[in-house]
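A.B. asks: Just so it is clear, I am handing over coords23.cif, which has mmCIF, C-alpha atoms.
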```cif
data_model
loop_
_atom_site.label_atom_id
_atom_site.label_comp_id
_atom_site.auth_asym_id
_atom_site.auth_seq_id
_atom_site.Cartn_x
_atom_site.Cartn_y
_atom_site.Cartn_z
CA MET A 595 124.10 101.64 94.16
CA SER A 596 127.11 99.41 94.60
CA ALA A 597 129.28 98.21 91.72
CA SER A 598 128.72 94.68 93.03
CA GLY A 599 124.97 94.98 92.44
CA TYR A 600 123.95 94.59 96.08
CA ASP A 601 124.34 96.59 99.29
CA PHE A 602 125.55 94.03 101.82
CA GLU A 603 126.20 90.34 102.51
CA VAL A 604 125.03 88.17 105.39
CA SER A 605 127.00 84.97 105.94
CA GLY A 606 125.26 81.93 107.32
CA ARG A 607 126.26 78.33 107.88
CA ASP A 608 125.52 77.10 104.37
CA THR A 609 125.41 80.24 102.21
CA THR A 610 125.97 83.95 101.99
CA ARG A 611 122.91 86.04 101.22
CA LEU A 612 123.31 89.15 99.07
CA TYR A 613 120.90 91.97 99.91
CA GLU A 614 119.90 94.94 97.80
CA VAL A 615 118.05 97.57 99.86
CA LYS A 616 115.27 99.69 98.40
CA ALA A 617 113.69 102.37 100.60
CA LEU A 618 110.43 104.16 99.81
CA SER A 619 108.89 107.12 101.58
CA ASP A 620 105.41 105.84 100.66
CA PRO A 621 103.58 103.39 102.95
CA SER A 622 102.98 99.72 102.14
CA ALA A 623 100.36 99.31 99.46
CA GLU A 624 98.90 96.64 97.22
CA ARG A 625 101.47 97.68 94.58
CA VAL A 626 104.73 99.56 95.03
CA GLU A 627 107.46 100.34 92.51
CA PHE A 628 111.23 100.54 92.76
CA GLU A 629 114.13 100.56 90.33
CA LEU A 630 117.07 98.24 89.90
CA GLY A 631 120.14 99.85 88.38
CA PRO A 632 122.22 98.13 85.70
CA SER A 633 124.69 96.49 88.13
CA GLU A 634 121.79 95.33 90.31
CA VAL A 635 120.08 93.70 87.32
CA VAL A 636 123.35 91.98 86.38
CA ALA A 637 123.78 90.64 89.95
CA ALA A 638 120.13 89.56 90.20
CA ARG A 639 120.42 87.66 86.92
CA ARG A 640 123.75 86.11 87.97
CA TYR A 641 122.17 84.77 91.19
CA ALA A 642 118.74 83.90 89.74
CA ARG A 643 119.13 80.26 90.72
CA GLY A 644 118.52 79.63 94.37
CA ASN A 645 117.68 82.09 97.10
CA ARG A 646 120.99 83.92 97.53
CA TYR A 647 120.16 87.38 96.10
CA ARG A 648 117.34 89.12 97.99
CA ILE A 649 115.72 92.55 98.09
CA LEU A 650 114.96 94.30 101.37
CA LEU A 651 112.13 96.69 100.63
CA ILE A 652 111.53 99.36 103.27
CA THR A 653 108.26 101.27 103.08
CA SER A 654 107.44 104.47 105.04
CA ALA A 655 111.19 104.80 105.50
CA LEU A 656 110.85 108.32 106.95
CA VAL A 657 108.10 107.49 109.47
CA PRO A 658 109.45 105.07 112.12
CA GLU A 659 106.04 104.11 113.54
CA GLU A 660 104.76 103.16 110.06
CA ARG A 661 107.97 101.67 108.65
CA ARG A 662 107.84 98.09 107.35
CA ILE A 663 110.62 95.89 106.02
CA PHE A 664 109.93 93.16 103.47
CA ASP A 665 112.45 90.43 102.62
CA LEU A 666 111.62 89.78 98.96
CA PRO A 667 112.95 87.17 96.54
CA ASN A 668 115.13 87.93 93.55
CA PRO A 669 112.86 89.15 90.70
CA PHE A 670 114.70 86.80 88.31
CA SER A 671 114.40 83.70 90.53
CA ALA A 672 111.72 81.02 90.33
CA GLN A 673 110.27 82.37 93.62
CA GLY A 674 110.24 85.97 92.36
CA ARG A 675 109.04 85.60 88.78
CA ASP A 676 105.34 85.57 89.68
CA ARG A 677 105.69 88.24 92.35
CA PHE A 678 107.20 91.02 90.24
CA ARG A 679 106.16 92.74 87.06
CA MET A 680 108.54 94.74 84.92
CA VAL A 681 106.95 98.15 84.30
CA SER A 682 109.62 99.84 82.21
CA ARG A 683 112.77 99.12 80.27
CA GLY A 684 114.10 96.40 82.57
CA VAL A 685 114.97 98.39 85.67
CA ARG A 686 111.69 99.48 87.21
CA TYR A 687 109.65 96.80 89.00
CA GLN A 688 106.27 96.63 90.66
CA CYS A 689 105.48 94.06 93.35
CA SER A 690 103.06 93.09 96.10
CA PRO A 691 105.18 93.14 99.28
CA LEU A 692 102.16 91.94 101.25
CA GLY A 693 102.15 88.75 99.14
CA LYS A 694 98.82 89.43 97.40
CA GLY A 695 98.74 88.73 93.66
#
```
Could you render the structure from this file as structure tokens?
C.D. replies:
Amino acid sequence: MSASGYDFEVSGRDTTRLYEVKALSDPSAERVEFELGPSEVVAARRYARGNRYRILLITSALVPEERRIFDLPNPFSAQGRDRFRMVSRGVRYQCSPLGKG
């Protein structure tokens, strides 16, 4: 976890995207869970407007032939609000990386 609340930046023509990476050993499923630490929650809330803060979710991280990478919206953004569900005290989230419900 970085003190900045994200792992790396990608600069483009019009904006810089901020990516937080979450890796799971489990395969893609209808529902997966991951945690956001306190600095990640602060950063996600700070960048809730727009599409700047993103989450890269990697499933089956330890099995290259099954590995999948999902570029997910900020859980606090308009695009992410309906895609994530808080499942504990503000730092553990559940989502549908396949885009179902």
A.B. asks: Give as an mmCIF file with C-alpha atoms, in the coordinates of the input the residues that the PyMOL selection byres ((chain A and resi 638) around 8) matches when applied to the coordinates above.
C.D. replies:
```
data_model
loop_
_atom_site.group_PDB
_atom_site.id
_atom_site.type_symbol
_atom_site.label_atom_id
_atom_site.label_comp_id
_atom_site.auth_asym_id
_atom_site.auth_seq_id
_atom_site.Cartn_x
_atom_site.Cartn_y
_atom_site.Cartn_z
ATOM 1 C CA GLY A 599 124.970 94.980 92.440
ATOM 2 C CA GLU A 634 121.790 95.330 90.310
ATOM 3 C CA VAL A 635 120.080 93.700 87.320
ATOM 4 C CA VAL A 636 123.350 91.980 86.380
ATOM 5 C CA ALA A 637 123.780 90.640 89.950
ATOM 6 C CA ARG A 639 120.420 87.660 86.920
ATOM 7 C CA ARG A 640 123.750 86.110 87.970
ATOM 8 C CA TYR A 641 122.170 84.770 91.190
ATOM 9 C CA ALA A 642 118.740 83.900 89.740
ATOM 10 C CA TYR A 647 120.160 87.380 96.100
ATOM 11 C CA ASN A 668 115.130 87.930 93.550
ATOM 12 C CA PRO A 669 112.860 89.150 90.700
ATOM 13 C CA PHE A 670 114.700 86.800 88.310
#
```
A.B. asks: If you count all atoms listed in the file, which residues fall within 12 Å of Pro621 in chain A, apart from same-chain ones fewer than 2 positions away, as JSON, numbers by chain?
C.D. replies: {"A": [617, 618, 619, 623, 624, 625, 626, 627, 651, 652, 653, 654, 655, 656, 657, 658, 659, 660, 661, 662, 663, 691, 692]}
A.B. asks: Once the PyMOL selection byres ((chain A and resi 602) around 9) is applied to the coordinates I shared, what remains selected? I want it as a ChimeraX atom specification.
C.D. replies: /A:600-601,603-604,611-615
A.B. asks: Rounded to one decimal place, report the CA of Ser622 in chain A-CA of Gly693 in chain A distance in Å.
C.D. replies: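 Computing the Euclidean distance for CA of Ser622 in chain A and CA of Gly693 in chain A yields 11.4 Å.
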A.B. asks: Check which residues satisfy the PyMOL selection byres ((chain A and resi 687) around 12) in the file shown, then give them as a PyMOL selection string.
C.D. replies: chain A and resi 616+625-631+635+649+651+668-670+674-675+677-686+688-691
A.B. asks: Counting all atoms listed in the file, which residue out of A:Phe664, A:Leu650, A:Pro632, A:Gln673 sits closest to Ser598 in chain A?
C.D. replies: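 Ranked by minimum distance to Ser598 in chain A, first place goes to A:Pro632.
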A.B. asks: As an exercise, work out the distance from CA of Asn645 in chain A to CA of Ser633 in chain A in Å and give it to one decimal place.
C.D. replies: 18.4 Å
